[in-house]
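Dropping run22.cif in here (mmCIF, C-alpha atoms):
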```cif
data_run
loop_
_atom_site.label_atom_id
_atom_site.label_comp_id
_atom_site.auth_asym_id
_atom_site.auth_seq_id
_atom_site.Cartn_x
_atom_site.Cartn_y
_atom_site.Cartn_z
CA MET W 1 15.44 20.86 6.67
CA ASP W 2 13.30 18.86 4.28
CA ALA W 3 14.74 17.85 0.96
CA PRO W 4 13.00 19.60 -1.95
CA LEU W 5 10.12 17.63 -3.40
CA ARG W 6 10.30 17.26 -7.14
CA PRO W 7 7.08 17.53 -9.15
CA PHE W 8 6.22 14.81 -11.65
CA TYR W 9 5.53 17.34 -14.35
CA SER W 10 8.05 19.72 -15.87
CA TYR W 11 7.61 23.45 -15.80
CA ASN W 12 9.21 23.62 -19.22
CA GLN W 13 7.04 21.07 -20.98
CA PRO W 14 4.03 22.16 -23.05
CA ILE W 15 0.69 21.29 -21.49
CA VAL W 16 -2.49 20.69 -23.43
CA ILE W 17 -5.83 21.61 -21.90
CA ARG W 18 -9.08 20.47 -23.49
CA MET W 19 -12.03 22.85 -23.19
CA ASN W 20 -15.32 22.29 -25.01
CA GLY W 21 -13.62 20.24 -27.70
CA PHE W 22 -10.78 22.67 -28.39
CA SER W 23 -7.10 22.23 -27.55
CA MET W 24 -5.14 25.14 -26.21
CA LEU W 25 -1.38 24.85 -26.08
CA PHE W 26 0.54 26.63 -23.36
CA GLY W 27 4.30 26.73 -23.29
CA ASN W 28 4.70 26.97 -19.54
CA LEU W 29 2.92 26.57 -16.27
CA ILE W 30 2.38 30.30 -15.81
CA ALA W 31 -0.24 30.31 -18.51
CA LEU W 32 -1.80 27.25 -17.01
CA SER W 33 -2.21 28.94 -13.64
CA LEU W 34 -4.50 31.55 -15.23
CA LEU W 35 -6.99 28.84 -16.04
CA ILE W 36 -6.60 26.23 -13.37
CA GLY W 37 -9.19 27.79 -11.10
CA SER W 38 -11.90 27.81 -13.76
CA CYS W 39 -11.40 24.68 -15.87
CA ASN W 40 -10.70 21.00 -15.38
CA LEU W 41 -7.17 19.98 -16.29
CA PHE W 42 -8.35 16.73 -17.83
CA ASP W 43 -11.14 15.67 -20.13
CA GLY W 44 -13.24 13.79 -17.61
CA LYS W 45 -11.89 10.37 -18.53
CA LYS W 46 -13.72 7.67 -16.59
CA ASP W 47 -13.43 3.92 -16.27
CA ASN W 48 -15.63 1.70 -18.36
CA ASP W 49 -16.29 -1.34 -16.20
CA LYS W 50 -17.12 -3.39 -19.31
CA GLU W 51 -13.58 -2.98 -20.64
CA ALA W 52 -11.43 -5.62 -19.01
CA ILE W 53 -7.69 -5.12 -18.71
CA PRO W 54 -5.80 -7.83 -20.65
CA PRO W 55 -3.66 -10.18 -18.56
CA TYR W 56 -0.30 -8.68 -17.72
CA GLN W 57 2.59 -10.35 -19.52
CA LEU W 58 5.52 -10.59 -17.15
CA PRO W 59 9.05 -11.60 -18.19
CA ASP W 60 10.32 -15.06 -17.36
CA ASN W 61 12.12 -15.40 -14.06
CA PRO W 62 15.90 -15.93 -14.20
CA LYS W 63 16.66 -19.54 -13.36
CA LEU W 64 18.39 -20.60 -10.15
CA ASP W 65 20.85 -23.43 -9.99
CA ALA W 66 20.02 -26.39 -7.80
CA ALA W 67 22.82 -25.72 -5.32
CA GLN W 68 21.64 -22.15 -4.66
CA THR W 69 18.03 -23.26 -4.33
CA ASN W 70 18.91 -25.97 -1.83
CA ARG W 71 21.10 -23.64 0.23
CA LEU W 72 18.37 -21.01 0.48
CA LYS W 73 15.75 -23.61 1.35
CA GLN W 74 17.88 -25.03 4.14
CA GLU W 75 18.65 -21.64 5.63
CA CYS W 76 15.00 -20.54 5.47
CA THR W 77 13.99 -23.80 7.13
CA THR W 78 16.47 -23.19 9.93
CA TRP W 79 15.10 -19.67 10.46
CA TYR W 80 11.51 -20.91 10.43
CA ASP W 81 12.09 -23.80 12.83
CA SER W 82 14.18 -21.78 15.28
CA ILE W 83 12.16 -18.54 15.33
CA LEU W 84 8.72 -18.51 13.77
CA LYS W 85 7.52 -22.04 14.47
CA LYS W 86 8.45 -21.73 18.14
CA SER W 87 6.42 -18.53 18.46
CA GLY W 88 3.10 -20.27 17.84
CA PHE W 89 2.87 -19.05 14.25
CA ASN W 90 -0.39 -19.54 12.38
CA GLY W 91 -0.19 -18.48 8.76
CA ALA W 92 1.84 -18.63 5.55
CA VAL W 93 5.44 -17.94 4.57
CA LEU W 94 6.99 -17.54 1.13
CA VAL W 95 10.55 -16.65 0.16
CA ALA W 96 11.54 -16.17 -3.46
CA LYS W 97 14.75 -15.41 -5.35
CA ASN W 98 14.44 -13.97 -8.86
CA GLY W 99 10.74 -14.72 -8.60
CA THR W 100 11.34 -18.43 -8.02
CA ILE W 101 9.99 -19.79 -4.75
CA VAL W 102 12.77 -21.29 -2.64
CA PHE W 103 10.77 -21.77 0.56
CA GLU W 104 7.10 -21.85 1.48
CA LYS W 105 5.30 -23.02 4.56
CA TYR W 106 1.66 -23.17 5.61
CA GLN W 107 1.03 -23.64 9.29
CA GLY W 108 -2.09 -23.99 11.40
CA LEU W 109 -5.79 -23.47 10.81
CA ALA W 110 -7.68 -20.71 9.02
CA HIS W 111 -10.35 -20.98 11.70
CA LEU W 112 -8.70 -21.96 14.96
CA GLU W 113 -11.93 -23.41 16.26
CA GLY W 114 -12.36 -25.48 13.07
CA LYS W 115 -10.44 -28.01 10.99
CA ASP W 116 -9.66 -26.05 7.81
CA LYS W 117 -5.89 -26.01 7.42
CA VAL W 118 -4.02 -22.97 6.16
CA THR W 119 -3.10 -23.58 2.50
CA GLU W 120 -1.73 -21.60 -0.42
CA THR W 121 -5.28 -20.41 -1.17
CA THR W 122 -6.01 -19.10 2.34
CA SER W 123 -6.54 -15.33 2.10
CA PHE W 124 -5.25 -13.26 5.01
CA HIS W 125 -5.96 -9.66 5.93
CA ILE W 126 -2.70 -7.95 4.93
CA ALA W 127 -3.41 -4.80 6.98
CA SER W 128 -1.17 -1.86 6.03
CA VAL W 129 0.48 -3.76 3.20
CA SER W 130 -2.77 -2.68 1.50
CA LYS W 131 -1.27 0.81 1.28
CA THR W 132 1.13 -0.38 -1.41
CA PHE W 133 -1.84 -1.12 -3.68
CA THR W 134 -3.49 2.23 -2.98
CA ALA W 135 -0.29 4.16 -3.65
CA MET W 136 0.44 2.34 -6.92
CA ALA W 137 -3.18 2.85 -8.01
CA VAL W 138 -2.81 6.61 -7.46
CA LEU W 139 0.38 6.60 -9.54
CA LYS W 140 -1.52 4.70 -12.23
CA LEU W 141 -4.11 7.49 -12.32
CA PHE W 142 -1.29 9.99 -12.58
CA GLU W 143 0.17 8.18 -15.57
CA GLU W 144 -3.29 8.18 -17.16
CA LYS W 145 -3.32 11.97 -16.66
CA ARG W 146 -6.27 11.95 -14.32
CA LEU W 147 -4.41 13.79 -11.55
CA LEU W 148 -1.24 15.65 -10.68
CA ILE W 149 0.66 14.44 -7.65
CA ASP W 150 1.36 17.93 -6.34
CA ASP W 151 -2.22 19.15 -6.66
CA GLU W 152 -3.93 20.02 -3.41
CA PHE W 153 -6.50 17.47 -2.38
CA SER W 154 -9.06 20.28 -2.28
CA LYS W 155 -8.84 20.57 -6.07
CA TYR W 156 -10.74 17.32 -6.30
CA PHE W 157 -12.77 17.80 -3.12
CA PRO W 158 -13.48 21.56 -2.87
CA THR W 159 -14.96 21.40 0.64
CA PHE W 160 -11.75 19.91 2.05
CA ASN W 161 -10.62 22.70 4.36
CA TYR W 162 -6.96 21.77 4.95
CA PRO W 163 -4.82 24.09 2.78
CA GLY W 164 -1.51 22.70 1.59
CA VAL W 165 -2.45 19.04 1.84
CA THR W 166 -1.51 17.55 -1.53
CA VAL W 167 -1.84 14.13 -3.06
CA ARG W 168 1.87 13.69 -2.46
CA THR W 169 1.71 14.55 1.24
CA LEU W 170 -1.07 12.00 1.64
CA LEU W 171 1.04 9.36 -0.08
CA ASN W 172 4.18 10.04 1.97
CA HIS W 173 2.44 10.63 5.33
CA ARG W 174 3.39 14.29 5.60
CA SER W 175 -0.14 15.71 5.47
CA GLY W 176 -0.34 16.71 9.13
CA LEU W 177 -3.82 15.21 9.40
CA PRO W 178 -5.01 13.41 12.54
CA ASN W 179 -5.45 9.64 12.48
CA TYR W 180 -9.07 8.53 12.18
CA VAL W 181 -8.24 5.35 14.11
CA TYR W 182 -8.00 7.60 17.17
CA PHE W 183 -10.30 10.54 16.49
CA ILE W 184 -13.32 8.32 15.81
CA ASP W 185 -13.40 7.42 19.50
CA GLU W 186 -12.50 10.93 20.61
CA ILE W 187 -15.55 12.47 18.92
CA GLY W 188 -17.89 9.88 20.44
CA TRP W 189 -18.75 7.83 17.35
CA ASP W 190 -21.42 5.19 17.96
CA LYS W 191 -19.48 1.93 18.20
CA ASN W 192 -22.44 0.03 16.74
CA VAL W 193 -22.18 1.90 13.44
CA PHE W 194 -19.51 1.12 10.89
CA VAL W 195 -17.36 4.04 9.78
CA LYS W 196 -17.00 4.44 6.00
CA ASN W 197 -14.38 6.38 4.06
CA GLN W 198 -16.85 9.17 3.39
CA ASP W 199 -17.49 9.44 7.11
CA VAL W 200 -13.77 10.00 7.71
CA PHE W 201 -13.85 12.82 5.15
CA ASN W 202 -17.02 14.35 6.58
CA ILE W 203 -15.66 14.40 10.13
CA LEU W 204 -12.42 16.02 8.99
CA VAL W 205 -14.36 18.75 7.20
CA ASP W 206 -17.41 19.31 9.39
CA ARG W 207 -15.88 18.78 12.82
CA LYS W 208 -12.40 20.12 12.27
CA ASN W 209 -12.54 22.33 15.35
CA GLU W 210 -13.06 19.23 17.55
CA LEU W 211 -10.05 17.32 16.25
CA LYS W 212 -6.65 17.17 17.89
CA ASN W 213 -3.14 16.74 16.51
CA ILE W 214 -3.60 18.71 13.31
CA THR W 215 -0.24 20.10 12.16
CA PRO W 216 0.84 22.11 9.10
CA PRO W 217 1.46 19.88 6.08
CA ASN W 218 4.94 18.82 5.00
CA ARG W 219 6.58 19.68 8.32
CA HIS W 220 7.39 16.11 9.32
CA PHE W 221 6.57 12.44 8.74
CA SER W 222 3.66 11.09 10.76
CA TYR W 223 2.27 7.70 9.79
CA CYS W 224 -1.48 8.15 9.49
CA ASN W 225 -4.21 5.85 8.18
CA THR W 226 -6.40 8.85 7.37
CA ASN W 227 -4.18 9.66 4.39
CA TYR W 228 -4.93 6.41 2.64
CA ALA W 229 -8.64 6.43 3.47
CA LEU W 230 -8.77 9.77 1.62
CA LEU W 231 -6.68 8.45 -1.29
CA ALA W 232 -9.21 5.66 -1.74
CA LEU W 233 -11.92 8.32 -2.12
CA LEU W 234 -9.75 10.09 -4.71
CA ILE W 235 -9.39 6.86 -6.70
CA GLU W 236 -13.14 6.40 -6.61
CA LYS W 237 -13.90 9.93 -7.75
CA LEU W 238 -11.44 9.97 -10.64
CA SER W 239 -12.23 6.46 -11.88
CA ASN W 240 -16.00 6.62 -11.40
CA SER W 241 -15.83 3.21 -9.75
CA THR W 242 -15.50 1.92 -6.22
CA TYR W 243 -12.06 1.33 -4.76
CA PRO W 244 -12.65 -2.47 -4.62
CA GLN W 245 -13.73 -2.44 -8.28
CA PHE W 246 -10.73 -0.39 -9.37
CA ILE W 247 -8.17 -2.58 -7.59
CA LYS W 248 -9.83 -5.70 -8.96
CA LYS W 249 -9.93 -4.38 -12.52
CA TYR W 250 -6.43 -2.93 -12.72
CA ILE W 251 -4.49 -5.31 -10.50
CA PHE W 252 -6.16 -8.45 -9.21
CA ASP W 253 -7.83 -9.66 -12.43
CA PRO W 254 -5.10 -8.96 -15.03
CA LEU W 255 -2.46 -10.29 -12.62
CA GLN W 256 -4.63 -13.35 -11.89
CA MET W 257 -4.51 -12.73 -8.15
CA THR W 258 -7.48 -15.06 -7.82
CA HIS W 259 -7.49 -15.20 -4.03
CA SER W 260 -7.20 -11.45 -3.38
CA PHE W 261 -9.99 -8.97 -2.74
CA VAL W 262 -10.82 -5.72 -1.00
CA TYR W 263 -13.19 -6.53 1.82
CA THR W 264 -16.80 -5.40 1.66
CA GLN W 265 -19.77 -6.77 3.58
CA LEU W 266 -20.50 -9.07 0.63
CA ASP W 267 -17.27 -10.91 1.49
CA SER W 268 -18.25 -11.71 5.08
CA SER W 269 -18.63 -15.43 4.39
CA ARG W 270 -15.16 -15.90 2.89
CA ILE W 271 -12.84 -13.94 5.15
CA THR W 272 -10.27 -15.55 7.40
CA PRO W 273 -10.94 -14.30 10.96
CA SER W 274 -8.20 -13.05 13.25
CA TYR W 275 -7.26 -14.08 16.77
CA ASP W 276 -5.29 -12.71 19.67
CA TRP W 277 -2.12 -14.45 20.86
CA ARG W 278 -4.18 -16.66 23.17
CA GLY W 279 -6.30 -17.91 20.27
CA GLN W 280 -9.44 -15.91 21.09
CA ARG W 281 -11.25 -14.60 18.04
CA ILE W 282 -11.17 -10.80 17.64
CA PRO W 283 -14.54 -9.44 16.46
CA PHE W 284 -14.96 -6.69 13.91
CA ASN W 285 -15.37 -3.17 15.25
CA GLN W 286 -16.62 0.14 13.89
CA LEU W 287 -13.41 0.74 11.91
CA ASP W 288 -13.52 -2.43 9.82
CA MET W 289 -15.25 -1.01 6.75
CA VAL W 290 -12.67 1.67 5.91
CA TYR W 291 -10.38 0.68 3.04
CA GLY W 292 -7.36 2.11 1.25
CA ASP W 293 -5.27 1.99 4.40
CA LYS W 294 -6.14 -1.69 5.05
CA ASN W 295 -8.85 -4.27 4.24
CA ILE W 296 -7.16 -6.13 1.40
CA TYR W 297 -7.10 -9.91 1.81
CA SER W 298 -4.47 -11.85 -0.12
CA THR W 299 -2.19 -14.88 -0.16
CA VAL W 300 1.58 -15.16 -0.18
CA LYS W 301 1.56 -16.42 -3.78
CA ASP W 302 -0.71 -13.61 -4.95
CA LEU W 303 1.57 -11.06 -3.28
CA LEU W 304 4.55 -12.58 -5.09
CA LYS W 305 2.71 -11.81 -8.34
CA TRP W 306 2.28 -8.22 -7.13
CA ASP W 307 5.99 -8.03 -6.39
CA ARG W 308 6.88 -9.33 -9.88
CA LEU W 309 4.56 -6.82 -11.54
CA ILE W 310 6.07 -3.80 -9.82
CA ARG W 311 9.59 -4.95 -10.60
CA THR W 312 8.78 -4.31 -14.26
CA ASN W 313 7.47 -1.36 -16.26
CA VAL W 314 4.32 -3.25 -17.23
CA PHE W 315 2.02 -1.53 -14.73
CA LEU W 316 3.96 1.67 -13.96
CA SER W 317 6.84 3.39 -15.70
CA ALA W 318 10.37 3.34 -14.35
CA SER W 319 10.08 7.05 -13.48
CA SER W 320 6.94 6.50 -11.39
CA LEU W 321 8.53 3.59 -9.55
CA LYS W 322 11.59 5.74 -8.89
CA GLU W 323 9.36 8.38 -7.30
CA ALA W 324 7.63 5.72 -5.20
CA TYR W 325 10.99 4.58 -3.85
CA THR W 326 12.32 8.09 -3.25
CA PRO W 327 12.76 9.00 0.45
CA TYR W 328 10.64 11.98 1.46
CA SER W 329 11.24 12.18 5.19
CA ASN W 330 14.81 13.30 5.68
CA GLU W 331 14.49 15.52 8.74
CA LYS W 332 15.76 12.74 11.01
CA ALA W 333 19.09 10.99 10.65
CA GLY W 334 19.13 7.24 10.16
CA ILE W 335 18.35 4.60 7.59
CA LYS W 336 14.56 4.52 8.04
CA ASN W 337 12.42 6.48 5.61
CA TYR W 338 9.16 6.50 3.66
CA GLY W 339 8.43 6.94 -0.04
CA LEU W 340 5.07 6.91 -1.78
CA GLY W 341 3.33 3.96 -0.15
CA TRP W 342 6.52 2.15 0.83
CA ARG W 343 8.75 2.03 3.86
CA MET W 344 12.43 1.72 3.15
CA ASN W 345 15.83 1.33 4.69
CA LEU W 346 18.52 3.43 3.04
CA TYR W 347 22.23 2.71 3.29
CA PRO W 348 25.30 4.91 2.70
CA ASP W 349 26.29 2.90 -0.38
CA GLY W 350 22.96 3.75 -2.05
CA LYS W 351 21.26 0.39 -1.59
CA LYS W 352 17.67 0.16 -0.41
CA ILE W 353 15.38 -2.37 1.20
CA ILE W 354 11.80 -1.65 0.15
CA PHE W 355 9.08 -3.05 2.40
CA HIS W 356 5.81 -2.61 4.21
CA ASN W 357 4.54 -4.32 7.31
CA GLY W 358 1.05 -4.45 8.67
CA TRP W 359 -1.00 -5.10 11.78
CA TRP W 360 -4.75 -5.06 12.25
CA HIS W 361 -6.55 -6.89 15.05
CA GLY W 362 -4.80 -10.26 15.20
CA ASN W 363 -3.42 -10.03 11.67
CA ASN W 364 0.28 -9.42 11.10
CA ALA W 365 1.93 -9.07 7.71
CA SER W 366 5.45 -8.54 6.41
CA PHE W 367 6.21 -7.84 2.75
CA ILE W 368 9.94 -7.27 2.16
CA ARG W 369 11.55 -6.65 -1.23
CA VAL W 370 15.31 -6.76 -1.71
CA ILE W 371 15.49 -4.74 -4.90
CA GLU W 372 19.06 -5.22 -6.09
CA GLY W 373 19.25 -8.81 -4.91
CA ASP W 374 15.81 -9.58 -6.42
CA ALA W 375 14.47 -11.39 -3.38
CA THR W 376 10.99 -11.36 -1.88
CA ILE W 377 10.02 -12.30 1.68
CA ILE W 378 6.32 -12.56 2.56
CA VAL W 379 4.84 -13.67 5.88
CA LEU W 380 1.12 -13.48 6.72
CA GLY W 381 -0.63 -14.59 9.88
CA ASN W 382 -4.04 -14.29 11.53
CA ARG W 383 -3.04 -15.09 15.12
CA TYR W 384 -1.29 -12.10 16.66
CA ASN W 385 2.43 -12.77 16.49
CA ARG W 386 5.14 -10.12 16.40
CA GLY W 387 7.61 -12.86 15.49
CA ILE W 388 6.35 -12.37 11.92
CA TYR W 389 8.39 -9.18 11.74
CA LYS W 390 11.53 -11.18 12.40
CA SER W 391 11.30 -12.15 8.75
CA LYS W 392 13.71 -9.21 8.40
CA LEU W 393 16.47 -11.60 9.43
CA LEU W 394 16.05 -13.45 6.13
CA ILE W 395 17.41 -10.47 4.25
CA ASN W 396 20.85 -11.59 5.34
CA LEU W 397 20.49 -14.54 2.95
CA PHE W 398 20.45 -12.16 0.02
CA ASP W 399 22.34 -9.10 1.22
CA ARG W 400 24.62 -9.77 4.17
CA ALA W 401 26.04 -6.25 4.07
CA HIS W 402 22.85 -4.57 5.23
CA SER W 403 20.52 -4.84 8.17
CA ALA W 404 16.91 -5.59 7.54
CA ALA W 405 13.58 -3.84 7.76
CA GLU W 406 12.38 -2.77 11.17
CA ASP W 407 9.06 -3.95 12.52
CA ASP W 408 7.18 -0.75 11.73
CA GLU W 409 3.49 -1.27 11.24
#
```
Let's see the structure in the file written out as structure tokens.
Amino acid sequence: MDAPLRPFYSYNQPIVIRMNGFSMLFGNLIALSLLIGSCNLFDGKKDNDKEAIPPYQLPDNPKLDAAQTNRLKQECTTWYDSILKKSGFNGAVLVAKNGTIVFEKYQGLAHLEGKDKVTETTSFHIASVSKTFTAMAVLKLFEEKRLLIDDEFSKYFPTFNYPGVTVRTLLNHRSGLPNYVYFIDEIGWDKNVFVKNQDVFNILVDRKNELKNITPPNRHFSYCNTNYALLALLIEKLSNSTYPQFIKKYIFDPLQMTHSFVYTQLDSSRITPSYDWRGQRIPFNQLDMVYGDKNIYSTVKDLLKWDRLIRTNVFLSASSLKEAYTPYSNEKAGIKNYGLGWRMNLYPDGKKIIFHNGWWHGNNASFIRVIEGDATIIVLGNRYNRGIYKSKLLINLFDRAHSAAEDDE
């Protein structure tokens, strides 16, 4: 049986609705339900692209003593030399304790057929690690009162004909929707035409009777890229900006993630291509323009900044972060679970490993966060290499009592 899902809002808290300039105070949600079908819950707040977000001020990192730093560096070096280097790794590695880098390594070429070495400024496609940005952006919109997490998606997109699919079930992969990565081919999409997020939505709505593997929402966990393609559309609608603009404004710019971007066709000249394990370049295909589920390029140092931001209450409140790290898929026994945009390993003593991995074409990514031990492990590569997921072994340096993240993608 599924654990009950707790709403973000309280049924006992007063709720203010603005209509035509007037405020109407209701003491409980029952009164609200009388109006929800005929009025907008919020006042139509939109982003103003001319208003920049000030740089985020993060706390100083706790200092490490020299002995601890040297020990961690030596052990990371041993892991790298014995496992990753021998696997033909091409990419970047960063390990940090308390936000301080204790090991970093840049190996290979950004373009295998060229001479440009991988450096700290080389941006890699981080694949499904992109979902962490989408999920946190949705929670940001929630905190700005632009949405409610337990609203049905159809509230914001009235033609969406999948009853019971909520913002939350999209975030935690319990929507029951089919995966566009597969149904695009099944419906006979022209492989010479790029699929966009709106196309994914249109196919779901207009060709529902042709799609397979649709199940009732909130029955079970099923990892599905469709969920995050739709969440990107939600971000765009509620912010009145594109998803790339929103992520840049709220995260990349104020966090000074200067080598991170959401891919669009304007970025074609600056992307790092991907390769198969033999070193053959993998060309783009019809799925390479969909974002929200993937398509963020970043560096290991930029992702460390992202990690530091979401360890504080600067971007999101403690209560929102707690919801993000809450396990929502409890129908199967075991330590593996999923929150709101994050995979996690849960242990009987209450400790958690929060992480997300990614794979797209020849790109592999691993982003592991040891919460209580305050450690961060980031590995990015653009030559297909499943050895990247063995970065989970490094968790033992910071928490020897618990096994590490699995290589879920």
Item to complete: May I ask which of the residues W:Phe89, W:Trp359, W:Phe124, W:Tyr384 is the closest one to Arg270 of chain W, counting only C-alpha atoms?
Response: W:Phe124
Discussion item. Could you tell me, as number ranges by chain, exactly which residues end up selected when the PyMOL selection byres ((chain W and resi 92) around 9) is applied to this structure?
Written reply: W: 89-91, 93-94, 104-108, 118-120, 122, 124, 299-300, 378-381
Store the residues picked out above, limited to C-alpha atoms, as an mmCIF file, in the coordinates of the input.
```
data_model
loop_
_atom_site.group_PDB
_atom_site.id
_atom_site.type_symbol
_atom_site.label_atom_id
_atom_site.label_comp_id
_atom_site.auth_asym_id
_atom_site.auth_seq_id
_atom_site.Cartn_x
_atom_site.Cartn_y
_atom_site.Cartn_z
ATOM 1 C CA PHE W 89 2.870 -19.050 14.250
ATOM 2 C CA ASN W 90 -0.390 -19.540 12.380
ATOM 3 C CA GLY W 91 -0.190 -18.480 8.760
ATOM 4 C CA VAL W 93 5.440 -17.940 4.570
ATOM 5 C CA LEU W 94 6.990 -17.540 1.130
ATOM 6 C CA GLU W 104 7.100 -21.850 1.480
ATOM 7 C CA LYS W 105 5.300 -23.020 4.560
ATOM 8 C CA TYR W 106 1.660 -23.170 5.610
ATOM 9 C CA GLN W 107 1.030 -23.640 9.290
ATOM 10 C CA GLY W 108 -2.090 -23.990 11.400
ATOM 11 C CA VAL W 118 -4.020 -22.970 6.160
ATOM 12 C CA THR W 119 -3.100 -23.580 2.500
ATOM 13 C CA GLU W 120 -1.730 -21.600 -0.420
ATOM 14 C CA THR W 122 -6.010 -19.100 2.340
ATOM 15 C CA PHE W 124 -5.250 -13.260 5.010
ATOM 16 C CA THR W 299 -2.190 -14.880 -0.160
ATOM 17 C CA VAL W 300 1.580 -15.160 -0.180
ATOM 18 C CA ILE W 378 6.320 -12.560 2.560
ATOM 19 C CA VAL W 379 4.840 -13.670 5.880
ATOM 20 C CA LEU W 380 1.120 -13.480 6.720
ATOM 21 C CA GLY W 381 -0.630 -14.590 9.880
#
```
Fill in: Length of the atom CA of Gly350 of chain W to atom CA of Thr312 of chain W vector [Å]
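Pair atom CA of Gly350 of chain W / atom CA of Thr312 of chain W returns 20.4 Å.
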Discussion item. Please expand the PyMOL selection byres ((chain W and resi 73) around 10) into the concrete residues it hits in this file, giving the result as a PyMOL selection string.
Written reply: chain W and resi 67-72+74-79+95-96+101-104
Selection result of the PyMOL selection byres ((chain W and resi 172) around 7) on this file, as a PDB file with C-alpha atoms, in the frame of the given file:
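This is the output file selection.pdb:
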```pdb
ATOM      1  CA  ARG W 168       1.870  13.690  -2.460  1.00  0.00           C
ATOM      2  CA  THR W 169       1.710  14.550   1.240  1.00  0.00           C
ATOM      3  CA  LEU W 170      -1.070  12.000   1.640  1.00  0.00           C
ATOM      4  CA  LEU W 171       1.040   9.360  -0.080  1.00  0.00           C
ATOM      5  CA  HIS W 173       2.440  10.630   5.330  1.00  0.00           C
ATOM      6  CA  ARG W 174       3.390  14.290   5.600  1.00  0.00           C
ATOM      7  CA  TYR W 328      10.640  11.980   1.460  1.00  0.00           C
ATOM      8  CA  TYR W 338       9.160   6.500   3.660  1.00  0.00           C
ATOM      9  CA  GLY W 339       8.430   6.940  -0.040  1.00  0.00           C
ATOM     10  CA  LEU W 340       5.070   6.910  -1.780  1.00  0.00           C
ATOM     11  CA  GLY W 341       3.330   3.960  -0.150  1.00  0.00           C
TER      12      GLY W 341
END
```
For segment 97-111 of chain W, supply N, CA and C atoms and format the output as an mmCIF file, in the coordinates of the input.
```cif
data_model
loop_
_atom_site.group_PDB
_atom_site.id
_atom_site.type_symbol
_atom_site.label_atom_id
_atom_site.label_comp_id
_atom_site.auth_asym_id
_atom_site.auth_seq_id
_atom_site.Cartn_x
_atom_site.Cartn_y
_atom_site.Cartn_z
ATOM 1 N N LYS W 97 13.556 -16.025 -4.769
ATOM 2 C CA LYS W 97 14.750 -15.410 -5.350
ATOM 3 C C LYS W 97 14.540 -15.363 -6.855
ATOM 4 N N ASN W 98 14.685 -14.175 -7.427
ATOM 5 C CA ASN W 98 14.440 -13.970 -8.860
ATOM 6 C C ASN W 98 13.032 -14.421 -9.256
ATOM 7 N N GLY W 99 12.105 -14.319 -8.319
ATOM 8 C CA GLY W 99 10.740 -14.720 -8.600
ATOM 9 C C GLY W 99 10.464 -16.196 -8.453
ATOM 10 N N THR W 100 11.500 -16.983 -8.212
ATOM 11 C CA THR W 100 11.340 -18.430 -8.020
ATOM 12 C C THR W 100 11.236 -18.734 -6.538
ATOM 13 N N ILE W 101 10.208 -19.468 -6.150
ATOM 14 C CA ILE W 101 9.990 -19.790 -4.750
ATOM 15 C C ILE W 101 11.060 -20.778 -4.277
ATOM 16 N N VAL W 102 11.752 -20.404 -3.207
ATOM 17 C CA VAL W 102 12.770 -21.290 -2.640
ATOM 18 C C VAL W 102 12.327 -21.863 -1.301
ATOM 19 N N PHE W 103 11.293 -21.257 -0.705
ATOM 20 C CA PHE W 103 10.770 -21.770 0.560
ATOM 21 C C PHE W 103 9.338 -21.308 0.720
ATOM 22 N N GLU W 104 8.472 -22.218 1.111
ATOM 23 C CA GLU W 104 7.100 -21.850 1.480
ATOM 24 C C GLU W 104 6.602 -22.805 2.553
ATOM 25 N N LYS W 105 5.788 -22.253 3.422
ATOM 26 C CA LYS W 105 5.300 -23.020 4.560
ATOM 27 C C LYS W 105 3.915 -22.547 4.939
ATOM 28 N N TYR W 106 3.028 -23.491 5.187
ATOM 29 C CA TYR W 106 1.660 -23.170 5.610
ATOM 30 C C TYR W 106 1.414 -23.896 6.930
ATOM 31 N N GLN W 107 1.077 -23.116 7.930
ATOM 32 C CA GLN W 107 1.030 -23.640 9.290
ATOM 33 C C GLN W 107 -0.287 -23.286 9.966
ATOM 34 N N GLY W 108 -0.933 -24.264 10.577
ATOM 35 C CA GLY W 108 -2.090 -23.990 11.400
ATOM 36 C C GLY W 108 -3.418 -24.073 10.684
ATOM 37 N N LEU W 109 -4.420 -23.422 11.292
ATOM 38 C CA LEU W 109 -5.790 -23.470 10.810
ATOM 39 C C LEU W 109 -6.295 -22.081 10.449
ATOM 40 N N ALA W 110 -7.070 -21.992 9.382
ATOM 41 C CA ALA W 110 -7.680 -20.710 9.020
ATOM 42 C C ALA W 110 -8.674 -20.277 10.085
ATOM 43 N N HIS W 111 -9.448 -21.203 10.579
ATOM 44 C CA HIS W 111 -10.350 -20.980 11.700
ATOM 45 C C HIS W 111 -9.836 -21.828 12.859
#
```
